[in-house]
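Asker: One file is attached below, data.txt, containing compact mmCIF, C-alpha atoms and all ligand atoms.
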```
# COMPACT_ATOMS: atom_id res chain seq x y z
CA MET A 27 57.37 142.83 100.49
CA ARG A 28 60.91 144.14 99.83
CA PHE A 29 62.08 142.49 103.05
CA ILE A 30 59.90 139.42 103.04
CA VAL A 31 61.57 137.67 100.09
CA PRO A 32 65.15 137.91 101.42
CA ILE A 33 63.96 136.88 104.89
CA LEU A 34 62.12 133.87 103.44
CA CYS A 35 65.22 132.88 101.44
CA PHE A 36 67.32 133.19 104.57
CA LEU A 37 64.89 131.08 106.59
CA MET A 38 64.75 128.43 103.84
CA ALA A 39 68.53 128.27 103.67
CA ALA A 40 68.86 128.17 107.47
CA ALA A 41 66.25 125.43 107.76
CA SER A 42 67.99 123.29 105.17
CA ALA A 43 71.59 124.06 106.12
CA SER A 44 73.50 120.88 106.91
CA ALA A 45 74.88 120.60 110.39
CA GLN A 46 78.63 120.36 110.84
CA PRO A 47 79.37 116.78 111.97
CA SER A 48 81.70 116.42 114.96
CA ASP A 49 83.95 114.05 112.98
CA PRO A 50 83.45 115.11 109.35
CA VAL A 51 83.94 112.68 106.50
CA VAL A 52 86.94 113.69 104.39
CA LEU A 53 86.78 111.01 101.69
CA VAL A 54 84.08 108.76 100.28
CA VAL A 55 84.57 106.13 97.57
CA HIS A 56 82.44 103.72 95.55
CA GLY A 57 83.29 100.64 93.58
CA GLY A 58 80.05 100.36 91.63
CA ALA A 59 76.35 99.61 92.14
CA GLY A 60 74.30 96.74 90.77
CA THR A 61 73.31 93.14 91.38
CA ILE A 62 75.38 92.88 94.55
CA SER A 63 73.79 90.53 97.05
CA ARG A 64 75.10 88.02 99.58
CA ASP A 65 74.18 85.03 97.41
CA ARG A 66 76.18 86.39 94.46
CA VAL A 67 79.39 87.44 96.23
CA THR A 68 81.72 84.70 97.53
CA PRO A 69 83.29 85.24 100.98
CA GLU A 70 86.76 85.57 99.36
CA ARG A 71 85.51 88.19 96.94
CA GLU A 72 83.71 90.04 99.71
CA THR A 73 86.88 90.18 101.82
CA ALA A 74 88.97 91.32 98.85
CA ILE A 75 86.49 94.07 97.95
CA ARG A 76 86.17 95.32 101.52
CA SER A 77 89.94 95.50 101.92
CA ALA A 78 90.43 97.21 98.53
CA LEU A 79 87.88 99.88 99.47
CA GLU A 80 89.63 100.39 102.81
CA GLU A 81 93.03 100.59 101.10
CA ALA A 82 91.68 103.20 98.67
CA LEU A 83 90.24 105.22 101.56
CA ARG A 84 93.52 105.09 103.48
CA ALA A 85 95.54 106.11 100.40
CA GLY A 86 93.36 109.15 99.74
CA TYR A 87 93.21 109.98 103.44
CA ALA A 88 97.01 110.00 103.69
CA ALA A 89 97.17 112.64 100.94
CA ILE A 90 94.59 114.83 102.64
CA GLU A 91 96.12 114.42 106.10
CA GLU A 92 99.45 115.65 104.71
CA GLY A 93 97.67 118.86 103.73
CA ASN A 94 97.39 118.15 100.00
CA PRO A 95 94.43 119.31 97.91
CA ALA A 96 91.23 117.26 97.69
CA LEU A 97 92.17 116.43 94.08
CA ASP A 98 95.13 114.39 95.37
CA GLY A 99 92.87 112.48 97.73
CA VAL A 100 90.53 111.62 94.83
CA VAL A 101 93.32 110.54 92.47
CA ASP A 102 95.21 108.51 95.08
CA ALA A 103 92.05 106.65 96.14
CA ILE A 104 90.92 105.95 92.57
CA GLU A 105 94.37 104.70 91.51
CA VAL A 106 94.16 101.94 94.13
CA LEU A 107 90.82 100.81 92.69
CA GLU A 108 92.06 101.08 89.09
CA ASP A 109 94.88 98.69 90.03
CA ASP A 110 92.48 96.15 91.57
CA PRO A 111 90.90 93.59 89.18
CA HIS A 112 87.70 93.40 91.25
CA PHE A 113 86.51 96.73 89.89
CA ASN A 114 85.41 97.83 86.45
CA ALA A 115 88.20 100.40 86.06
CA GLY A 116 91.84 100.13 85.04
CA ILE A 117 92.80 96.44 85.36
CA GLY A 118 89.54 94.50 85.35
CA GLY A 119 87.75 97.02 83.16
CA VAL A 120 84.97 95.29 81.21
CA PHE A 121 85.43 94.23 77.60
CA ALA A 122 83.85 96.08 74.70
CA ALA A 123 82.22 94.01 71.92
CA ASP A 124 85.48 93.94 69.91
CA GLY A 125 87.44 92.33 72.79
CA THR A 126 89.28 95.47 73.89
CA VAL A 127 89.08 97.26 77.24
CA ARG A 128 88.34 100.97 76.80
CA HIS A 129 88.35 103.36 79.71
CA ASP A 130 86.44 106.53 80.51
CA ALA A 131 87.31 108.88 83.40
CA SER A 132 86.59 112.35 84.71
CA ILE A 133 87.60 114.66 87.52
CA MET A 134 86.45 118.05 88.81
CA ASP A 135 87.80 120.63 91.23
CA GLY A 136 85.16 122.19 93.48
CA ALA A 137 87.32 125.22 94.25
CA THR A 138 87.87 126.39 90.67
CA GLY A 139 85.10 124.66 88.71
CA GLN A 140 87.78 123.25 86.39
CA ALA A 141 87.18 119.77 84.98
CA GLY A 142 88.90 117.16 82.84
CA ALA A 143 87.83 113.91 81.18
CA SER A 144 88.93 111.24 78.73
CA THR A 145 86.98 108.57 76.86
CA GLY A 146 87.72 105.33 75.04
CA THR A 147 91.41 105.09 75.97
CA MET A 148 93.05 101.67 75.71
CA HIS A 149 96.62 102.09 76.96
CA ILE A 150 96.64 104.51 79.88
CA ARG A 151 97.40 102.68 83.09
CA HIS A 152 95.60 105.20 85.30
CA PRO A 153 92.81 106.94 83.37
CA ILE A 154 92.06 109.18 86.37
CA GLN A 155 95.55 110.68 85.99
CA LEU A 156 94.77 111.44 82.36
CA ALA A 157 91.51 113.16 83.32
CA ARG A 158 93.46 115.30 85.77
CA ALA A 159 96.14 116.10 83.17
CA VAL A 160 93.42 117.19 80.72
CA MET A 161 92.05 119.52 83.40
CA GLU A 162 95.39 120.94 84.49
CA HIS A 163 97.48 120.92 81.31
CA SER A 164 95.12 121.43 78.39
CA VAL A 165 92.65 124.12 77.44
CA HIS A 166 89.96 121.46 76.93
CA VAL A 167 87.62 119.51 79.18
CA MET A 168 87.27 116.18 77.33
CA LEU A 169 89.59 114.25 74.99
CA ASN A 170 88.87 110.94 73.29
CA GLU A 171 90.63 107.82 71.99
CA GLU A 172 93.86 108.36 69.97
CA GLY A 173 93.98 112.09 70.68
CA ALA A 174 93.64 111.49 74.40
CA GLU A 175 96.41 108.89 74.26
CA GLU A 176 98.70 111.19 72.28
CA PHE A 177 98.16 113.83 74.94
CA ALA A 178 98.84 111.26 77.70
CA ILE A 179 102.16 110.35 76.08
CA GLN A 180 103.11 114.03 75.92
CA GLN A 181 102.25 114.31 79.59
CA GLY A 182 104.54 111.40 80.44
CA LEU A 183 101.76 109.18 81.81
CA GLU A 184 102.32 105.43 82.09
CA ILE A 185 101.40 103.58 78.87
CA VAL A 186 100.68 99.82 78.87
CA PRO A 187 99.42 97.30 76.30
CA ASN A 188 95.66 96.75 76.30
CA SER A 189 96.23 93.16 77.47
CA PHE A 190 97.50 94.63 80.76
CA PHE A 191 93.85 95.31 81.67
CA HIS A 192 92.40 91.94 80.57
CA THR A 193 91.01 89.53 83.17
CA GLU A 194 89.43 86.13 82.81
CA HIS A 195 86.24 86.97 84.68
CA ARG A 196 85.56 89.97 82.42
CA ARG A 197 86.23 87.79 79.35
CA ARG A 198 83.58 85.34 80.59
CA ALA A 199 81.19 88.24 81.17
CA LEU A 200 81.67 89.37 77.56
CA GLU A 201 80.94 85.85 76.32
CA ALA A 202 77.78 85.72 78.44
CA ALA A 203 76.62 89.11 77.16
CA GLN A 204 77.23 88.10 73.54
CA GLU A 205 75.43 84.81 74.06
CA ARG A 206 72.41 86.67 75.39
CA GLU A 207 72.57 89.09 72.50
CA ARG A 208 72.57 86.18 70.03
CA GLU A 209 69.54 84.68 71.74
CA LEU A 210 67.68 87.96 71.36
CA GLN A 211 68.82 88.43 67.77
CA GLY A 212 66.33 90.51 65.90
CA ASP A 213 64.75 91.71 69.11
CA ALA A 214 64.99 95.48 68.91
CA GLY A 215 64.33 95.62 72.64
CA TYR A 216 67.80 94.33 73.61
CA VAL A 217 68.68 96.26 76.72
CA PRO A 218 71.94 95.71 78.60
CA GLU A 219 71.45 94.13 82.01
CA GLU A 220 72.56 95.56 85.34
CA TRP A 221 75.46 93.11 85.68
CA GLN A 222 76.97 94.50 82.49
CA MET A 223 77.66 97.77 84.30
CA ILE A 224 79.02 96.92 87.72
CA GLY A 225 82.24 98.06 89.31
CA THR A 226 82.85 101.62 88.15
CA VAL A 227 84.87 103.47 90.79
CA GLY A 228 84.64 106.99 92.14
CA ALA A 229 85.73 109.25 94.98
CA VAL A 230 84.83 112.59 96.56
CA ALA A 231 87.24 114.32 98.95
CA LEU A 232 87.18 117.32 101.29
CA ASP A 233 90.58 118.81 102.11
CA ASN A 234 91.88 120.75 105.11
CA GLU A 235 91.17 124.06 103.33
CA GLY A 236 87.49 123.11 102.91
CA HIS A 237 87.77 122.43 99.18
CA LEU A 238 85.99 119.53 97.50
CA ALA A 239 86.95 117.39 94.48
CA ALA A 240 85.28 114.45 92.75
CA GLY A 241 86.30 111.86 90.17
CA THR A 242 85.03 108.73 88.43
CA SER A 243 86.78 106.00 86.40
CA THR A 244 85.34 103.02 84.48
CA GLY A 245 85.58 100.45 81.71
CA GLY A 246 81.93 101.29 80.98
CA MET A 247 79.52 98.60 79.85
CA THR A 248 80.33 94.98 78.92
CA ASN A 249 79.85 94.40 75.18
CA LYS A 250 79.63 98.12 74.41
CA ARG A 251 80.03 99.08 70.76
CA TRP A 252 79.87 101.97 68.33
CA GLY A 253 82.11 104.01 70.59
CA ARG A 254 79.48 103.99 73.36
CA ILE A 255 80.30 106.48 76.11
CA GLY A 256 78.55 106.27 79.48
CA ASP A 257 78.04 108.87 82.17
CA SER A 258 81.33 108.38 83.99
CA PRO A 259 83.40 110.82 81.88
CA ILE A 260 80.56 113.33 81.57
CA ILE A 261 80.72 116.31 83.87
CA GLY A 262 77.26 116.83 85.37
CA ALA A 263 76.25 113.18 84.89
CA GLY A 264 78.99 110.93 86.32
CA THR A 265 80.93 113.60 88.21
CA PHE A 266 80.15 117.04 89.56
CA VAL A 267 81.41 119.17 92.42
CA ASN A 268 81.09 122.72 93.66
CA ASP A 269 82.60 124.03 96.88
CA ALA A 270 79.34 125.88 97.61
CA THR A 271 77.39 122.64 97.89
CA CYS A 272 78.85 119.14 97.46
CA GLY A 273 80.70 116.66 95.28
CA VAL A 274 79.10 113.66 93.56
CA SER A 275 80.35 110.55 91.72
CA SER A 276 77.82 108.25 90.06
CA THR A 277 77.56 104.58 89.13
CA GLY A 278 74.84 102.68 87.34
CA HIS A 279 73.09 102.58 83.97
CA GLY A 280 74.94 105.47 82.38
CA GLU A 281 72.36 106.39 79.77
CA TYR A 282 69.89 107.37 82.53
CA PHE A 283 72.55 109.33 84.42
CA ILE A 284 73.35 111.31 81.28
CA ARG A 285 69.73 112.05 80.41
CA LEU A 286 68.93 113.14 83.96
CA ALA A 287 72.23 114.99 84.58
CA ILE A 288 72.20 113.22 87.93
CA ALA A 289 75.36 114.64 89.55
CA HIS A 290 74.57 118.23 88.59
CA ASP A 291 70.94 117.84 89.59
CA ILE A 292 71.99 117.02 93.16
CA HIS A 293 74.14 120.16 93.28
CA ALA A 294 71.40 122.29 91.69
CA ARG A 295 68.69 121.17 94.11
CA ALA A 296 70.93 122.15 97.02
CA MET A 297 72.16 125.36 95.40
CA TYR A 298 68.84 126.78 94.21
CA GLY A 299 66.15 124.63 95.82
CA GLY A 300 67.02 124.95 99.48
CA GLU A 301 67.53 121.22 100.12
CA THR A 302 70.53 119.84 101.93
CA CYS A 303 72.86 117.87 99.67
CA THR A 304 71.83 114.70 101.53
CA GLU A 305 68.15 115.36 100.85
CA ALA A 306 68.96 116.18 97.22
CA ALA A 307 71.01 113.01 96.72
CA GLU A 308 68.32 110.80 98.25
CA ALA A 309 65.56 112.41 96.17
CA VAL A 310 67.50 112.27 92.91
CA ILE A 311 68.21 108.55 93.30
CA HIS A 312 64.99 107.35 94.93
CA GLU A 313 62.61 109.62 93.01
CA THR A 314 64.09 111.07 89.81
CA LEU A 315 66.25 108.11 88.74
CA THR A 316 63.89 105.42 90.02
CA GLU A 317 60.78 107.00 88.46
CA ALA A 318 62.60 107.20 85.12
CA GLY A 319 63.35 103.45 85.35
CA GLY A 320 67.11 103.88 85.85
CA THR A 321 69.29 101.91 88.25
CA GLY A 322 72.41 102.86 90.18
CA GLY A 323 73.59 105.15 92.91
CA VAL A 324 75.86 108.01 93.91
CA ILE A 325 78.28 108.96 96.62
CA MET A 326 77.88 112.52 97.87
CA LEU A 327 80.09 114.51 100.24
CA ASP A 328 79.09 118.05 101.19
CA ARG A 329 81.29 120.97 102.19
CA HIS A 330 80.68 120.28 105.89
CA GLY A 331 81.72 116.62 105.70
CA ASN A 332 78.22 115.09 105.58
CA VAL A 333 78.05 111.97 103.46
CA ALA A 334 75.24 110.20 101.57
CA MET A 335 75.47 107.00 99.51
CA PRO A 336 71.95 106.33 98.12
CA PHE A 337 71.33 103.61 95.51
CA ASN A 338 68.32 101.70 94.18
CA THR A 339 70.13 98.47 93.27
CA LYS A 340 70.68 95.40 95.48
CA GLY A 341 74.01 96.77 96.64
CA MET A 342 76.76 99.28 96.08
CA TYR A 343 80.43 98.89 97.02
CA ARG A 344 81.03 101.99 99.13
CA GLY A 345 82.86 103.45 102.09
CA TYR A 346 84.12 106.58 103.78
CA ILE A 347 86.78 107.80 106.19
CA THR A 348 86.42 110.59 108.74
CA ARG A 349 88.85 113.32 109.79
CA SER A 350 89.87 111.16 112.80
CA GLY A 351 90.58 108.16 110.52
CA GLN A 352 87.46 106.06 111.24
CA VAL A 353 86.73 103.80 108.25
CA THR A 354 83.28 102.49 107.27
CA VAL A 355 82.86 100.07 104.35
CA LYS A 356 79.54 98.62 103.11
CA LEU A 357 78.48 96.40 100.21
CA TYR A 358 74.84 95.43 100.61
CA ALA A 359 71.58 97.35 100.94
CA ASP A 360 70.89 96.08 104.48
CA GLU A 361 74.20 97.32 105.93
N1 LIG A 401 77.97 104.17 84.83
C1 LIG A 401 78.85 103.31 84.09
C2 LIG A 401 78.52 103.39 82.62
O1 LIG A 401 77.36 103.44 82.28
C3 LIG A 401 78.80 101.89 84.54
C4 LIG A 401 78.90 101.66 86.04
O2 LIG A 401 78.63 102.55 86.82
O3 LIG A 401 79.28 100.56 86.46
O4 LIG A 401 79.42 103.34 81.82
```
Represent the structure from my file as structure tokens, please.
Answerer:
Amino acid sequence: MRFIVPILCFLMAAASASAQPSDPVVLVVHGGAGTISRDRVTPERETAIRSALEEALRAGYAAIEEGNPALDGVVDAIEVLEDDPHFNAGIGGVFAADGTVRHDASIMDGATGQAGASTGTMHIRHPIQLARAVMEHSVHVMLNEEGAEEFAIQQGLEIVPNSFFHTEHRRRALEAAQERERELQGDAGYVPEEWQMIGTVGAVALDNEGHLAAGTSTGGMTNKRWGRIGDSPIIGAGTFVNDATCGVSSTGHGEYFIRLAIAHDIHARAMYGGETCTEAAEAVIHETLTEAGGTGGVIMLDRHGNVAMPFNTKGMYRGYITRSGQVTVKLYADE
């Protein structure tokens, strides 16, 4: 008996161990999951989104190729998407009910287990940089609103007026959400719709030393109020990474991702349950999240360079780049 248990554990681990791909993925990004279908995305928008995802992948790849840590790959990729108005992060972040854009972001280092996050900031040009500064230069994991901004100023991060992030299409989305809310006035069952939460961005990177990092950045949910915080800045829900298993960044209806600790659950199933990270990611999205009634998806990159991008919505903006520089970008479910 003394020998049987360790042998069984070894066999389980060996059976589920992910193979090393011949051209491992070194960076995977997402630009949000939701009601993304061919009839809703104009050709111009589709081209712009595909090229922004590719640009983000190339930016992060350049950092990793130069021998920098995975954290640099994550930050460099996410910054590109924060600067692009097509995504719900940085410029183009969705409006809260009071007409401001408020960002949430988080980052985690798979080598050290360190993490940083910020919520509800209104003036930080690149919230992902703030999340990293919280991780590297504070003794805390998560800072919010004014305090987070005070810390960002101390750290010398770029500060901009809130109007810097405002876009016309997000303004129209706020008006539509408020119109719908008025129509349902008195209906306690008002539930935000999928389109109110599209476009969050995230990245997971694997560096030349074999270390992983993951990060997520968002404007959250259109018409959010009462200081609502989604999953994106929450370690274990929106972001999680561990060098022993994989890195994960989430997108979707944040309340479900928080309740189900989606990103950590993928790691835990691989760490303690003997599944590969790919199996874990697929099961967590297509079984756990779906059975709970939640919508969204994740990007997952494991320590060998295997990638998974499961989602249960119509589409998810997503893509990855391999060690040799091969780029793949996808938007719809049938790609
Ligand atoms: N997960 C984000 C939130 O709930 C929204 C998104 O992924 O687009 O704040």
Asker: Go through A:Ile224, A:Ala270, A:Ile261, A:Val186 one by one, measure the shortest atom-to-atom distance of each to Gly245 (chain A) using only C-alpha atoms, and give the residue with the smallest value.
Answerer: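 Distance minimum relative to Gly245 (chain A) lands on A:Ile224.
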Asker: For chain A against ligand LIG 401 (chain A), with a cut-off of 8 Å and counting all atoms listed in the file, what is the closest atom pair and its distance in Å to one decimal for every residue that makes the cut, ordered by chain and number, as a Markdown table?
Answerer:
```
| residue | atom | partner | partner_atom | distance |
| --- | --- | --- | --- | --- |
| A:Gly58 | CA | A:LIG401 | O3 | 5.2 |
| A:Ala59 | CA | A:LIG401 | O3 | 6.5 |
| A:Gly60 | CA | A:LIG401 | O3 | 7.6 |
| A:Asn114 | CA | A:LIG401 | O3 | 6.7 |
| A:Asp130 | CA | A:LIG401 | O4 | 7.8 |
| A:Gln222 | CA | A:LIG401 | O3 | 7.6 |
| A:Met223 | CA | A:LIG401 | O3 | 3.9 |
| A:Ile224 | CA | A:LIG401 | O3 | 3.9 |
| A:Gly225 | CA | A:LIG401 | O3 | 4.8 |
| A:Thr226 | CA | A:LIG401 | O3 | 4.1 |
| A:Val227 | CA | A:LIG401 | O2 | 7.5 |
| A:Thr244 | CA | A:LIG401 | O4 | 6.5 |
| A:Gly245 | CA | A:LIG401 | O4 | 6.8 |
| A:Gly246 | CA | A:LIG401 | O4 | 3.3 |
| A:Met247 | CA | A:LIG401 | O4 | 5.1 |
| A:Ile255 | CA | A:LIG401 | O4 | 6.6 |
| A:Gly256 | CA | A:LIG401 | O4 | 3.8 |
| A:Asp257 | CA | A:LIG401 | N1 | 5.4 |
| A:Ser258 | CA | A:LIG401 | N1 | 5.5 |
| A:Gly264 | CA | A:LIG401 | N1 | 7.0 |
| A:Ser276 | CA | A:LIG401 | O2 | 6.6 |
| A:Thr277 | CA | A:LIG401 | O2 | 3.3 |
| A:Gly278 | CA | A:LIG401 | O2 | 3.8 |
| A:His279 | CA | A:LIG401 | O1 | 4.7 |
| A:Gly280 | CA | A:LIG401 | O1 | 3.2 |
| A:Glu281 | CA | A:LIG401 | O1 | 6.3 |
| A:Phe283 | CA | A:LIG401 | N1 | 7.5 |
| A:Gly322 | CA | A:LIG401 | O2 | 7.1 |
```
Asker: Write the residues of the preceding selection, restricted to C-alpha atoms, as a PDB file, in the frame of the given file.
Answerer:
```
ATOM      1  CA  GLY A  58      80.050 100.360  91.630  1.00  0.00           C
ATOM      2  CA  ALA A  59      76.350  99.610  92.140  1.00  0.00           C
ATOM      3  CA  GLY A  60      74.300  96.740  90.770  1.00  0.00           C
ATOM      4  CA  ASN A 114      85.410  97.830  86.450  1.00  0.00           C
ATOM      5  CA  ASP A 130      86.440 106.530  80.510  1.00  0.00           C
ATOM      6  CA  GLN A 222      76.970  94.500  82.490  1.00  0.00           C
ATOM      7  CA  MET A 223      77.660  97.770  84.300  1.00  0.00           C
ATOM      8  CA  ILE A 224      79.020  96.920  87.720  1.00  0.00           C
ATOM      9  CA  GLY A 225      82.240  98.060  89.310  1.00  0.00           C
ATOM     10  CA  THR A 226      82.850 101.620  88.150  1.00  0.00           C
ATOM     11  CA  VAL A 227      84.870 103.470  90.790  1.00  0.00           C
ATOM     12  CA  THR A 244      85.340 103.020  84.480  1.00  0.00           C
ATOM     13  CA  GLY A 245      85.580 100.450  81.710  1.00  0.00           C
ATOM     14  CA  GLY A 246      81.930 101.290  80.980  1.00  0.00           C
ATOM     15  CA  MET A 247      79.520  98.600  79.850  1.00  0.00           C
ATOM     16  CA  ILE A 255      80.300 106.480  76.110  1.00  0.00           C
ATOM     17  CA  GLY A 256      78.550 106.270  79.480  1.00  0.00           C
ATOM     18  CA  ASP A 257      78.040 108.870  82.170  1.00  0.00           C
ATOM     19  CA  SER A 258      81.330 108.380  83.990  1.00  0.00           C
ATOM     20  CA  GLY A 264      78.990 110.930  86.320  1.00  0.00           C
ATOM     21  CA  SER A 276      77.820 108.250  90.060  1.00  0.00           C
ATOM     22  CA  THR A 277      77.560 104.580  89.130  1.00  0.00           C
ATOM     23  CA  GLY A 278      74.840 102.680  87.340  1.00  0.00           C
ATOM     24  CA  HIS A 279      73.090 102.580  83.970  1.00  0.00           C
ATOM     25  CA  GLY A 280      74.940 105.470  82.380  1.00  0.00           C
ATOM     26  CA  GLU A 281      72.360 106.390  79.770  1.00  0.00           C
ATOM     27  CA  PHE A 283      72.550 109.330  84.420  1.00  0.00           C
ATOM     28  CA  GLY A 322      72.410 102.860  90.180  1.00  0.00           C
TER      29      GLY A 322
END
```
Asker: Determine, counting only C-alpha atoms, which protein, DNA and RNA residues have an atom within 6 Å of an atom of region 323-326 of chain A; residues of the same chain fewer than 2 positions away are not included. Present the result as an MDAnalysis selection string.
Answerer: chainID A and resid 273:277 333:337
Asker: Taking only C-alpha atoms into account, name the residue in A:Ile104, A:Lys250, A:Gln181, A:Asp65 that is nearest to Val127 (chain A).
Answerer: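 Result for the nearest residue to Val127 (chain A): A:Lys250.
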Asker: Expressed in Å to a single decimal, how great is the separation between CA of Pro50 (chain A) and CA of Thr354 (chain A)?
Answerer: 12.8 Å
Asker: Please identify all polymer residues within 12 Å of Glu235 (chain A), counting all atoms listed in the file, omitting same-chain residues fewer than 2 positions from it, and present them as a list of chain:residue names.
Answerer: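 What passes the distance filter is A:Val52, A:Ile90, A:Glu91, A:Glu92, A:Gly93, A:Asn94, A:Pro95, A:Ala96, A:Gly136, A:Ala137, A:Ala231, A:Leu232, A:Asp233, A:His237, A:Leu238, A:Ala239, A:Asp269, A:Arg329, A:His330.
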Asker: Could you write out that same residue set with C-alpha atoms as a PDB file, keeping the file's coordinate frame?
Answerer:
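Contents of selection-v1.pdb, as written:
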```
ATOM      1  CA  VAL A  52      86.940 113.690 104.390  1.00  0.00           C
ATOM      2  CA  ILE A  90      94.590 114.830 102.640  1.00  0.00           C
ATOM      3  CA  GLU A  91      96.120 114.420 106.100  1.00  0.00           C
ATOM      4  CA  GLU A  92      99.450 115.650 104.710  1.00  0.00           C
ATOM      5  CA  GLY A  93      97.670 118.860 103.730  1.00  0.00           C
ATOM      6  CA  ASN A  94      97.390 118.150 100.000  1.00  0.00           C
ATOM      7  CA  PRO A  95      94.430 119.310  97.910  1.00  0.00           C
ATOM      8  CA  ALA A  96      91.230 117.260  97.690  1.00  0.00           C
ATOM      9  CA  GLY A 136      85.160 122.190  93.480  1.00  0.00           C
ATOM     10  CA  ALA A 137      87.320 125.220  94.250  1.00  0.00           C
ATOM     11  CA  ALA A 231      87.240 114.320  98.950  1.00  0.00           C
ATOM     12  CA  LEU A 232      87.180 117.320 101.290  1.00  0.00           C
ATOM     13  CA  ASP A 233      90.580 118.810 102.110  1.00  0.00           C
ATOM     14  CA  HIS A 237      87.770 122.430  99.180  1.00  0.00           C
ATOM     15  CA  LEU A 238      85.990 119.530  97.500  1.00  0.00           C
ATOM     16  CA  ALA A 239      86.950 117.390  94.480  1.00  0.00           C
ATOM     17  CA  ASP A 269      82.600 124.030  96.880  1.00  0.00           C
ATOM     18  CA  ARG A 329      81.290 120.970 102.190  1.00  0.00           C
ATOM     19  CA  HIS A 330      80.680 120.280 105.890  1.00  0.00           C
TER      20      HIS A 330
END
```
Asker: Env of His56 (chain A): 7 Å cut, atoms = only C-alpha atoms, seq-sep filter 6 positions within chain, self excluded. Answer as a PyMOL selection string.
Answerer: chain A and resi 227-229+325+343-345
Asker: Could you please determine the separation between CA of Asn332 (chain A) and CA of Ala115 (chain A) in Å, to one decimal place?
Answerer: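 Value for the CA of Asn332 (chain A)-CA of Ala115 (chain A) distance: 26.4 Å.
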Asker: Which of these residues is nearest to Phe177 (chain A), using only C-alpha atoms: A:His195, A:Arg206, A:His312, A:Arg158?
Answerer: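 Checking each candidate against Phe177 (chain A), we get A:Arg158 as the closest.
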Asker: Please list, as a short mmCIF file (atom, residue, chain, number, x, y, z; two decimals) with C-alpha atoms, keeping the file's coordinate frame, the residues that have an atom at most 10 Å away from (86.7, 109.3, 70.6) in the coordinates of this file, counting only C-alpha atoms.
Answerer:
```cif
data_model
loop_
_atom_site.label_atom_id
_atom_site.label_comp_id
_atom_site.auth_asym_id
_atom_site.auth_seq_id
_atom_site.Cartn_x
_atom_site.Cartn_y
_atom_site.Cartn_z
CA SER A 144 88.93 111.24 78.73
CA THR A 145 86.98 108.57 76.86
CA GLY A 146 87.72 105.33 75.04
CA THR A 147 91.41 105.09 75.97
CA MET A 168 87.27 116.18 77.33
CA LEU A 169 89.59 114.25 74.99
CA ASN A 170 88.87 110.94 73.29
CA GLU A 171 90.63 107.82 71.99
CA GLU A 172 93.86 108.36 69.97
CA GLY A 173 93.98 112.09 70.68
CA ALA A 174 93.64 111.49 74.40
CA GLY A 253 82.11 104.01 70.59
CA ARG A 254 79.48 103.99 73.36
CA ILE A 255 80.30 106.48 76.11
#
```
Asker: Take the point (92.2, 113.9, 81.6) as written in the file and pick out every residue within 8 Å of it, counting all atoms listed in the file; give the list as a PyMOL selection string.
Answerer: chain A and resi 131-133+142-144+153-161+167-169+174
Asker: Need the axis-aligned box for region 52-66 of chain A with 3 Å each side, so what are the centre and edges in Å to one decimal, as lines of an AutoDock Vina configuration file?
Answerer:
```
center_x = 80.1
center_y = 99.4
center_z = 97.6
size_x = 19.6
size_y = 34.7
size_z = 19.6
```
Asker: Considering all atoms listed in the file, state which residue in the set A:Ala78, A:Ile179, A:Ala141, A:Ala287 is at the smallest distance from Asn268 (chain A).
Answerer: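 For Asn268 (chain A), the nearest of the given residues is A:Ala141.
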Asker: So that I can see what lies close to His192 (chain A), please list as a list of chain:residue names the residues with an atom at most 10 Å from it, counting only C-alpha atoms and leaving out residues fewer than 5 positions away in the same chain.
Answerer: A:Pro111, A:Gly116, A:Ile117, A:Gly118, A:Gly119, A:Val120, A:Phe121, A:Gly125, A:Thr126, A:Val127, A:Pro187, A:Arg197
Asker: For a test of reading the model, state the distance in Å between CA of His129 (chain A) and CA of Val165 (chain A), rounded to one decimal.
Answerer: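 Distance reported for this atom pair: 21.3 Å.
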